[in-house]
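Asks: Structure provided below as structure tokens; questions to follow.
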Amino acid sequence: MSRPILLAIDDDISVLEAVVQDLRRQYGATYRVLRAASGQAALDTLRQLKAREEAVALLLSDQRMPGMTGVEFLEAAKLIYPDARRVLLTAYADTEAAIRAINTARIHYYLTKPWDPPEEKLYPVLDDLLQDWNAGYQPKFEGIRVLGHRWSLRDHELRSFLSRNHVPYRWLDAASSEDARKLLMERSLDPEMLPVVLFADGSSLVDPEPEVLAARVGLRTQAAEDFYDLVVVGAGPAGLAAAVYGASEGLKTLVIEPEAPGGQAGSSSRIENYLGFPSGITGADLGRRAHMQASRFGAEFLTQRAVGLRVDGQYRFVVLADGREVASHVLLLSTGVQYRRLDIPGADTLTGRGIYYGAALVEAAACKDEEVLVVGGANSAGQAALHFAKFACKVTMLVRASSLESSMSKYLIDEIERTPNIVVEPKTQVLSAEGEDHLTAVRTKGPNGEEVRPAASLFVFIGAAPRTEWLPDAVLRDEKGFILAGPELKAAAKFGAVWKQSRDPYLLETSVPGIFVAGDVRQGSVKRAASAVGEGSIAVQFAHQYLAGF
Ligand SMILES: Cc1cc2nc3c(=O)[nH]c(=O)nc-3n(C[C@H](O)[C@H](O)[C@H](O)COP(=O)(O)OP(=O)(O)OC[C@H]3O[C@@H](n4cnc5c(N)ncnc54)[C@H](O)[C@@H]3O)c2cc1C
């Protein structure tokens, strides 16, 4: 299989030669380095590569070129290779223009010339970008294949699980793919028992539970130790931050998470307001990077769900879905929130069969050239609409409020306005969903009255609620299930009855000493990735103080 390509573009042949040499020296073993002396020549090369189904990982273009500037080239190149990382090389004087171009041409990075020494000024940036690109790159290979029906909830869950854990797979629609039918016959598998996962060694798993699949694809499902200093439940931004700080500060740390690390942020197509990422970062990339960082410091990750919790003296035990337990002195609950379900006739039966909650990334490619409906008017709905607009021919946002202004960040509203295939319909509600085995239409009520519109995909982003019912009553929560901590805990009516310590609870400590909470699941938290990260890291400081009292 041929190596993915890095393409350098510059009209100044000596500069082009220098870039190519630097790229070859560092990346030559893994990538092929190609060159072009103009934007037009580079576009021609890209079209030929596309026709040969070659993978292009990076475009590194000079800005000042006759005929076509670097920004113009990168904008045009985005249409041919939308996933390739786009980097602009600029002179210092062009920095302003480069920053503006980050928005218009969606450039991932700009570098100022000269880039010497490349070890400091070029490679670290490109390493990061290539890592991101690699995370979404699925080379042609004969690996895991998933056979199922597009409109099946189980099939959707299984594919989400693999995608979010960055396990490469190829999906075949059992209803329409001749290859799928052949494979089922060859392996004597019942076409009624789907989805099925086929492995390269000839083995298969029929409709596996996540833990079984996790173990089979090499994810860890059993803790290496019985006891940890710190156990973190939930690997969203809050839990991941706690894992990074906890492990880096010497605490033996275990993170329990049934999905891929990243949490809700992982389903967000692009977080644009997270500090330090001027051109935005996908939630999945943020999760993957944090996971790597925490692992590097020695944190251990388990692909498991926490289903119970018990306290025995100074030990806190988390009960896992497979019945095993892990013990710790300090426990951090960072389980976030889950999408609120649409409460309309038809929604339950059609979930996963055309109605999806926060499933933007996995389903987007399946909606190619189709019309997509998005319900909701907050940032998450806006991000999803922008993401779908790259694949679908038209995206309609159904928004209950009279405009997006009150619920969505201005930068997203501006971008939606700039995107021609997104239509916003304010004052519009979904009344019911229709379809036998998958969604075919929705009934809506808007300013022009009720109407039935054909629909194959409806993506719902109407808020979220915590899932904390697995916790014992001793962990006090509010009426919606958000966990109380610190000052909110002290103000609760039951506080005096449950808190028996001579000290006050620490800022993020729950009603059970040594059990902390961070992120969206905490009552009163700000529902933002950066806030969750802040709380996760602060919780570790209180964990140290708590442990110091032993
Ligand atoms: C589509 C979308 C777009 C968003 N865009 C932005 C944005 O642009 N900027 C921004 O700042 N914020 C954004 N947010 C909000 C941001 O993602 C959240 O505030 C943040 O993810 C909260 O982090 P958390 O760690 O508290 O919880 P979560 O991210 O919800 O993570 C919780 C984790 O806990 C796991 N879990 C739950 N129950 C259990 C259990 N019983 N056992 C083990 N693990 C469990 C879940 O699987 C999950 O991975 C967006 C949210 C969504 C949904």
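So you can find residues: chains in the structure tokens are A, B, ... in the order shown, residues in each start at 1, and ligands are numbered from 1 in order.
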When the cut-off is 7 Å and you count only C-alpha atoms and all ligand atoms, which residues lie near ligand 1, shown as a ChimeraX atom specification?

Replies: /A:233-239,256-265,267-274,304-307,334-338,358,379-381,383-384,467,518-521,527-530,532

Asks: Segment 486-502 of chain A: which residues within 9 Å, counting only C-alpha atoms, same-chain residues fewer than 6 positions away excluded, as a ChimeraX atom specification?

Replies: /A:474,476-478,508-513,523-524

Asks: Name the closest residue to Gly346 of chain A among the candidates A:Val442, A:Ala299, A:Met292, A:Val255; distances are taken between atoms, counting only C-alpha atoms.

Replies: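 Nearest to Gly346 of chain A: A:Val442.
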
Asks: Taking the chain letters and numbering used in this document, name the residues of segment 119-160 of chain A that DSSP puts in strand (DSSP E), as a list in words.

Replies: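 Taking segment 119-160 of chain A and keeping strand (DSSP E) gives Ile144, Arg145, Val146, Leu147 and Gly148 of chain A.
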
Asks: List as a list in words the protein and nucleic acid residues near Ala455 of chain A, meaning an atom at most 10 Å away when only C-alpha atoms are counted, but skip any in the same chain fewer than 2 places from it.

Replies: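 The contact residues come out as Gly354, Ile355, Glu370, Glu371, Val372, Leu373, Ala433, Glu434, Gly435, His438, Leu439, Thr440, Ala441, Val442, Arg443, Val452, Arg453, Ser457 and Leu458 of chain A.
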
Asks: Could you take the residues named above and write them with all heavy atoms, as a CSV table (one decimal), in the first residue's frame?

Replies:
chain,number,residue,atom,x,y,z
A,354,GLY,N,-32.9,6.7,12.0
A,354,GLY,CA,-33.2,8.0,11.3
A,354,GLY,C,-33.2,9.2,12.3
A,354,GLY,O,-33.0,10.3,12.0
A,355,ILE,N,-33.6,8.8,13.6
A,355,ILE,CA,-33.5,9.9,14.6
A,355,ILE,C,-32.2,9.6,15.5
A,355,ILE,O,-32.0,8.5,16.0
A,355,ILE,CB,-34.7,9.8,15.5
A,355,ILE,CG1,-36.0,10.2,14.7
A,355,ILE,CG2,-34.6,10.9,16.7
A,355,ILE,CD1,-37.3,10.3,15.5
A,370,GLU,N,-27.9,14.0,0.9
A,370,GLU,CA,-29.3,13.9,1.4
A,370,GLU,C,-29.7,15.2,2.1
A,370,GLU,O,-28.8,16.0,2.3
A,370,GLU,CB,-29.5,12.8,2.4
A,370,GLU,CG,-29.4,11.4,1.8
A,370,GLU,CD,-29.6,10.3,2.9
A,370,GLU,OE1,-29.9,10.6,4.1
A,370,GLU,OE2,-29.5,9.1,2.5
A,371,GLU,N,-31.0,15.4,2.4
A,371,GLU,CA,-31.4,16.5,3.2
A,371,GLU,C,-31.5,16.1,4.6
A,371,GLU,O,-31.9,15.0,5.0
A,371,GLU,CB,-32.8,17.0,2.8
A,371,GLU,CG,-32.8,17.7,1.5
A,371,GLU,CD,-34.1,18.5,1.2
A,371,GLU,OE1,-34.7,18.9,2.2
A,371,GLU,OE2,-34.4,18.6,0.1
A,372,VAL,N,-31.0,16.9,5.5
A,372,VAL,CA,-30.9,16.6,6.9
A,372,VAL,C,-31.6,17.6,7.8
A,372,VAL,O,-31.6,18.8,7.5
A,372,VAL,CB,-29.4,16.6,7.3
A,372,VAL,CG1,-29.2,16.6,8.8
A,372,VAL,CG2,-28.7,15.4,6.7
A,373,LEU,N,-32.3,17.1,8.8
A,373,LEU,CA,-33.0,18.1,9.7
A,373,LEU,C,-32.2,18.1,11.0
A,373,LEU,O,-31.9,17.0,11.5
A,373,LEU,CB,-34.4,17.6,10.0
A,373,LEU,CG,-35.4,17.6,8.8
A,373,LEU,CD1,-36.8,17.1,9.2
A,373,LEU,CD2,-35.5,19.0,8.2
A,433,ALA,N,-42.9,11.9,14.5
A,433,ALA,CA,-42.0,11.3,13.6
A,433,ALA,C,-42.7,10.1,13.0
A,433,ALA,O,-43.4,9.3,13.7
A,433,ALA,CB,-40.7,10.8,14.3
A,434,GLU,N,-42.5,9.9,11.7
A,434,GLU,CA,-43.3,8.8,11.0
A,434,GLU,C,-42.3,7.9,10.2
A,434,GLU,O,-41.3,8.4,9.7
A,434,GLU,CB,-44.3,9.4,10.0
A,434,GLU,CG,-45.4,10.2,10.8
A,434,GLU,CD,-46.2,11.1,9.9
A,434,GLU,OE1,-46.2,10.9,8.7
A,434,GLU,OE2,-46.9,12.0,10.5
A,435,GLY,N,-42.7,6.7,10.1
A,435,GLY,CA,-41.9,5.7,9.4
A,435,GLY,C,-42.1,4.3,10.0
A,435,GLY,O,-42.4,4.2,11.2
A,438,HIS,N,-37.8,2.7,9.4
A,438,HIS,CA,-36.9,3.9,9.5
A,438,HIS,C,-37.7,5.2,9.2
A,438,HIS,O,-38.8,5.1,8.7
A,438,HIS,CB,-35.7,3.8,8.7
A,438,HIS,CG,-35.9,3.8,7.2
A,438,HIS,ND1,-36.0,5.0,6.5
A,438,HIS,CD2,-36.2,2.8,6.3
A,438,HIS,CE1,-36.2,4.7,5.2
A,438,HIS,NE2,-36.4,3.4,5.1
A,439,LEU,N,-37.1,6.3,9.6
A,439,LEU,CA,-37.8,7.6,9.5
A,439,LEU,C,-38.0,7.9,8.1
A,439,LEU,O,-37.1,7.8,7.2
A,439,LEU,CB,-36.9,8.6,10.2
A,439,LEU,CG,-37.5,10.1,10.2
A,439,LEU,CD1,-38.6,10.2,11.2
A,439,LEU,CD2,-36.4,11.1,10.5
A,440,THR,N,-39.3,8.3,7.8
A,440,THR,CA,-39.6,8.7,6.4
A,440,THR,C,-40.1,10.2,6.3
A,440,THR,O,-40.0,10.8,5.3
A,440,THR,CB,-40.6,7.8,5.7
A,440,THR,OG1,-41.7,7.7,6.6
A,440,THR,CG2,-40.0,6.4,5.4
A,441,ALA,N,-40.7,10.6,7.5
A,441,ALA,CA,-41.3,12.0,7.4
A,441,ALA,C,-41.4,12.5,8.9
A,441,ALA,O,-41.4,11.7,9.8
A,441,ALA,CB,-42.7,11.9,6.8
A,442,VAL,N,-41.5,13.8,9.0
A,442,VAL,CA,-41.8,14.4,10.3
A,442,VAL,C,-42.9,15.4,10.1
A,442,VAL,O,-43.0,16.1,9.1
A,442,VAL,CB,-40.6,15.1,11.0
A,442,VAL,CG1,-39.5,14.1,11.4
A,442,VAL,CG2,-40.0,16.2,10.1
A,443,ARG,N,-43.7,15.5,11.1
A,443,ARG,CA,-44.8,16.6,11.1
A,443,ARG,C,-44.3,17.7,11.9
A,443,ARG,O,-43.8,17.5,13.1
A,443,ARG,CB,-46.1,16.0,11.7
A,443,ARG,CG,-47.2,17.0,11.8
A,443,ARG,CD,-48.5,16.3,12.4
A,443,ARG,NE,-49.0,15.3,11.5
A,443,ARG,CZ,-49.8,15.6,10.4
A,443,ARG,NH1,-50.2,16.9,10.2
A,443,ARG,NH2,-50.3,14.7,9.7
A,452,VAL,N,-46.3,18.2,6.8
A,452,VAL,CA,-45.5,16.9,6.9
A,452,VAL,C,-44.4,17.0,5.8
A,452,VAL,O,-44.7,17.3,4.7
A,452,VAL,CB,-46.5,15.8,6.6
A,452,VAL,CG1,-45.7,14.5,6.5
A,452,VAL,CG2,-47.6,15.7,7.6
A,453,ARG,N,-43.2,16.8,6.3
A,453,ARG,CA,-42.1,16.9,5.3
A,453,ARG,C,-41.3,15.6,5.3
A,453,ARG,O,-41.1,15.0,6.3
A,453,ARG,CB,-41.2,18.0,5.6
A,453,ARG,CG,-40.9,18.4,7.0
A,453,ARG,CD,-39.9,19.5,7.2
A,453,ARG,NE,-40.5,20.6,7.9
A,453,ARG,CZ,-40.0,21.8,7.9
A,453,ARG,NH1,-39.0,22.1,7.0
A,453,ARG,NH2,-40.5,22.8,8.6
A,457,SER,N,-33.3,11.7,8.0
A,457,SER,CA,-32.4,11.9,9.1
A,457,SER,C,-32.8,13.1,9.9
A,457,SER,O,-32.9,14.2,9.4
A,457,SER,CB,-30.9,12.1,8.7
A,457,SER,OG,-30.6,11.0,7.8
A,458,LEU,N,-33.0,12.9,11.2
A,458,LEU,CA,-33.3,14.0,12.1
A,458,LEU,C,-32.3,13.9,13.3
A,458,LEU,O,-32.3,12.9,14.0
A,458,LEU,CB,-34.8,13.8,12.6
A,458,LEU,CG,-35.3,14.8,13.6
A,458,LEU,CD1,-35.8,16.0,12.8
A,458,LEU,CD2,-36.5,14.2,14.3

Asks: Quick one: residues within 8 Å of segment 471-473 of chain A, only C-alpha atoms counted, chain neighbours fewer than 4 positions away excluded, as a ChimeraX atom specification?

Replies: /A:307-310

Asks: Would you output that residue set with N, CA and C atoms, as a PDB file, in the first residue's frame?

Replies:
ATOM      1  N   VAL A 307     -21.626   0.846  37.507  1.00  0.00           N
ATOM      2  CA  VAL A 307     -23.067   0.623  37.720  1.00  0.00           C
ATOM      3  C   VAL A 307     -23.450   0.735  39.196  1.00  0.00           C
ATOM      4  N   GLY A 308     -22.464   0.826  40.079  1.00  0.00           N
ATOM      5  CA  GLY A 308     -22.786   0.943  41.498  1.00  0.00           C
ATOM      6  C   GLY A 308     -21.595   1.472  42.280  1.00  0.00           C
ATOM      7  N   LEU A 309     -21.892   1.861  43.513  1.00  0.00           N
ATOM      8  CA  LEU A 309     -20.848   2.466  44.345  1.00  0.00           C
ATOM      9  C   LEU A 309     -21.134   2.078  45.782  1.00  0.00           C
ATOM     10  N   ARG A 310     -20.103   1.635  46.487  1.00  0.00           N
ATOM     11  CA  ARG A 310     -20.307   1.390  47.916  1.00  0.00           C
ATOM     12  C   ARG A 310     -19.120   1.912  48.698  1.00  0.00           C
TER      13      ARG A 310
END

Asks: Contacts between segment 216-222 of chain A and segment 104-163 of chain A, please, where a residue of segment 104-163 of chain A counts if it comes within 12 Å (with only C-alpha atoms); show its shortest atom pair and distance in Å to one decimal, rows by chain and ascending number, as CSV.

Replies:
residue,atom,partner,partner_atom,distance
A:Gly143,CA,A:Val217,CA,10.8
A:Ile144,CA,A:Val217,CA,9.1
A:Phe161,CA,A:Val217,CA,11.2
A:Leu162,CA,A:Val217,CA,9.0

Asks: Create the file for the chosen residues now, containing C-alpha atoms and written as a PDB file, in the first residue's frame.

Replies:
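Listing of selection_34.pdb after writing:
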ATOM      1  CA  GLY A 143      -9.362  -5.520   8.990  1.00  0.00           C
ATOM      2  CA  ILE A 144     -12.591  -5.491  10.950  1.00  0.00           C
ATOM      3  CA  PHE A 161     -18.300   2.531  19.666  1.00  0.00           C
ATOM      4  CA  LEU A 162     -15.639   1.507  17.137  1.00  0.00           C
TER       5      LEU A 162
END

Asks: Could you pull out the residues in segment 237-354 of chain A that DSSP calls alpha helix (DSSP H) from the backbone, as a list in words?

Replies: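 Answer for segment 237-354 of chain A restricted to alpha helix (DSSP H) is Pro237, Ala238, Gly239, Leu240, Ala241, Ala242, Ala243, Val244, Tyr245, Gly246, Ala247, Ser248, Gly283, Ala284, Asp285, Leu286, Gly287, Arg288, Arg289, Ala290, His291, Met292, Gln293, Ala294, Ser295 and Arg296 of chain A.
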
Asks: Could the residues in this selection be saved with N, CA and C atoms as a compact mmCIF listing (two decimals), in the first residue's frame?

Replies:
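Written out: part_5.txt:
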# COMPACT_ATOMS: atom_id res chain seq x y z
N PRO A 237 -13.88 15.76 29.28
CA PRO A 237 -12.82 16.73 29.60
C PRO A 237 -12.51 16.80 31.09
N ALA A 238 -13.53 16.70 31.95
CA ALA A 238 -13.29 16.80 33.40
C ALA A 238 -12.47 15.61 33.89
N GLY A 239 -12.91 14.41 33.54
CA GLY A 239 -12.23 13.20 34.00
C GLY A 239 -10.82 13.12 33.43
N LEU A 240 -10.67 13.50 32.16
CA LEU A 240 -9.35 13.43 31.53
C LEU A 240 -8.38 14.41 32.19
N ALA A 241 -8.87 15.61 32.52
CA ALA A 241 -8.00 16.59 33.19
C ALA A 241 -7.57 16.03 34.54
N ALA A 242 -8.51 15.43 35.26
CA ALA A 242 -8.16 14.85 36.57
C ALA A 242 -7.13 13.73 36.39
N ALA A 243 -7.30 12.94 35.33
CA ALA A 243 -6.36 11.84 35.11
C ALA A 243 -4.96 12.38 34.82
N VAL A 244 -4.88 13.44 34.00
CA VAL A 244 -3.57 14.02 33.67
C VAL A 244 -2.91 14.56 34.93
N TYR A 245 -3.66 15.36 35.70
CA TYR A 245 -3.05 15.95 36.90
C TYR A 245 -2.78 14.90 37.97
N GLY A 246 -3.75 14.01 38.17
CA GLY A 246 -3.58 12.98 39.20
C GLY A 246 -2.36 12.13 38.91
N ALA A 247 -2.29 11.58 37.69
CA ALA A 247 -1.20 10.67 37.36
C ALA A 247 0.14 11.41 37.35
N SER A 248 0.14 12.67 36.83
CA SER A 248 1.41 13.39 36.74
C SER A 248 1.91 13.79 38.13
N GLY A 283 -13.69 17.62 19.07
CA GLY A 283 -13.77 17.03 20.40
C GLY A 283 -13.02 15.70 20.45
N ALA A 284 -13.11 14.95 19.33
CA ALA A 284 -12.44 13.64 19.30
C ALA A 284 -10.92 13.82 19.42
N ASP A 285 -10.38 14.83 18.74
CA ASP A 285 -8.93 15.07 18.82
C ASP A 285 -8.53 15.48 20.24
N LEU A 286 -9.36 16.34 20.84
CA LEU A 286 -9.06 16.79 22.20
C LEU A 286 -9.03 15.57 23.13
N GLY A 287 -10.04 14.71 22.98
CA GLY A 287 -10.13 13.51 23.82
C GLY A 287 -8.94 12.60 23.60
N ARG A 288 -8.57 12.40 22.34
CA ARG A 288 -7.47 11.48 22.02
C ARG A 288 -6.15 12.01 22.58
N ARG A 289 -5.94 13.33 22.43
CA ARG A 289 -4.69 13.90 22.93
C ARG A 289 -4.61 13.78 24.45
N ALA A 290 -5.74 14.10 25.11
CA ALA A 290 -5.74 14.05 26.58
C ALA A 290 -5.55 12.61 27.06
N HIS A 291 -6.14 11.67 26.34
CA HIS A 291 -6.00 10.26 26.68
C HIS A 291 -4.52 9.84 26.61
N MET A 292 -3.86 10.26 25.51
CA MET A 292 -2.43 9.94 25.34
C MET A 292 -1.60 10.56 26.46
N GLN A 293 -1.96 11.82 26.77
CA GLN A 293 -1.20 12.57 27.77
C GLN A 293 -1.32 11.88 29.14
N ALA A 294 -2.57 11.53 29.50
CA ALA A 294 -2.79 10.88 30.80
C ALA A 294 -2.10 9.52 30.84
N SER A 295 -2.18 8.78 29.72
CA SER A 295 -1.55 7.44 29.68
C SER A 295 -0.04 7.59 29.84
N ARG A 296 0.51 8.62 29.22
CA ARG A 296 1.97 8.82 29.31
C ARG A 296 2.41 9.02 30.76

Asks: Hey, which bits of segment 78-161 of chain A sit within 12 Å of segment 195-209 of chain A, and for each residue what's the closest pair of atoms and how far apart in Å (one decimal), counting only C-alpha atoms, rows by chain and increasing number, as a tab-separated table?

Replies:
residue	atom	partner	partner_atom	distance
A:Phe141	CA	A:Ala200	CA	9.7
A:Glu142	CA	A:Ala200	CA	6.4
A:Gly143	CA	A:Ala200	CA	5.3
A:Ile144	CA	A:Phe199	CA	4.8
A:Arg145	CA	A:Leu198	CA	5.1
A:Val146	CA	A:Val197	CA	4.6
A:Leu147	CA	A:Val196	CA	5.3
A:Gly148	CA	A:Pro195	CA	4.3
A:His149	CA	A:Pro195	CA	7.2
A:Arg150	CA	A:Pro195	CA	9.9
A:Trp151	CA	A:Pro195	CA	11.1
A:Ser152	CA	A:Pro195	CA	8.4
A:Leu153	CA	A:Pro195	CA	9.8
A:Arg154	CA	A:Pro195	CA	7.0
A:Asp155	CA	A:Pro195	CA	5.5
A:His156	CA	A:Pro195	CA	9.2
A:Glu157	CA	A:Pro195	CA	10.0
A:Leu158	CA	A:Pro195	CA	8.0
A:Arg159	CA	A:Pro195	CA	9.7
A:Phe161	CA	A:Glu209	CA	10.4
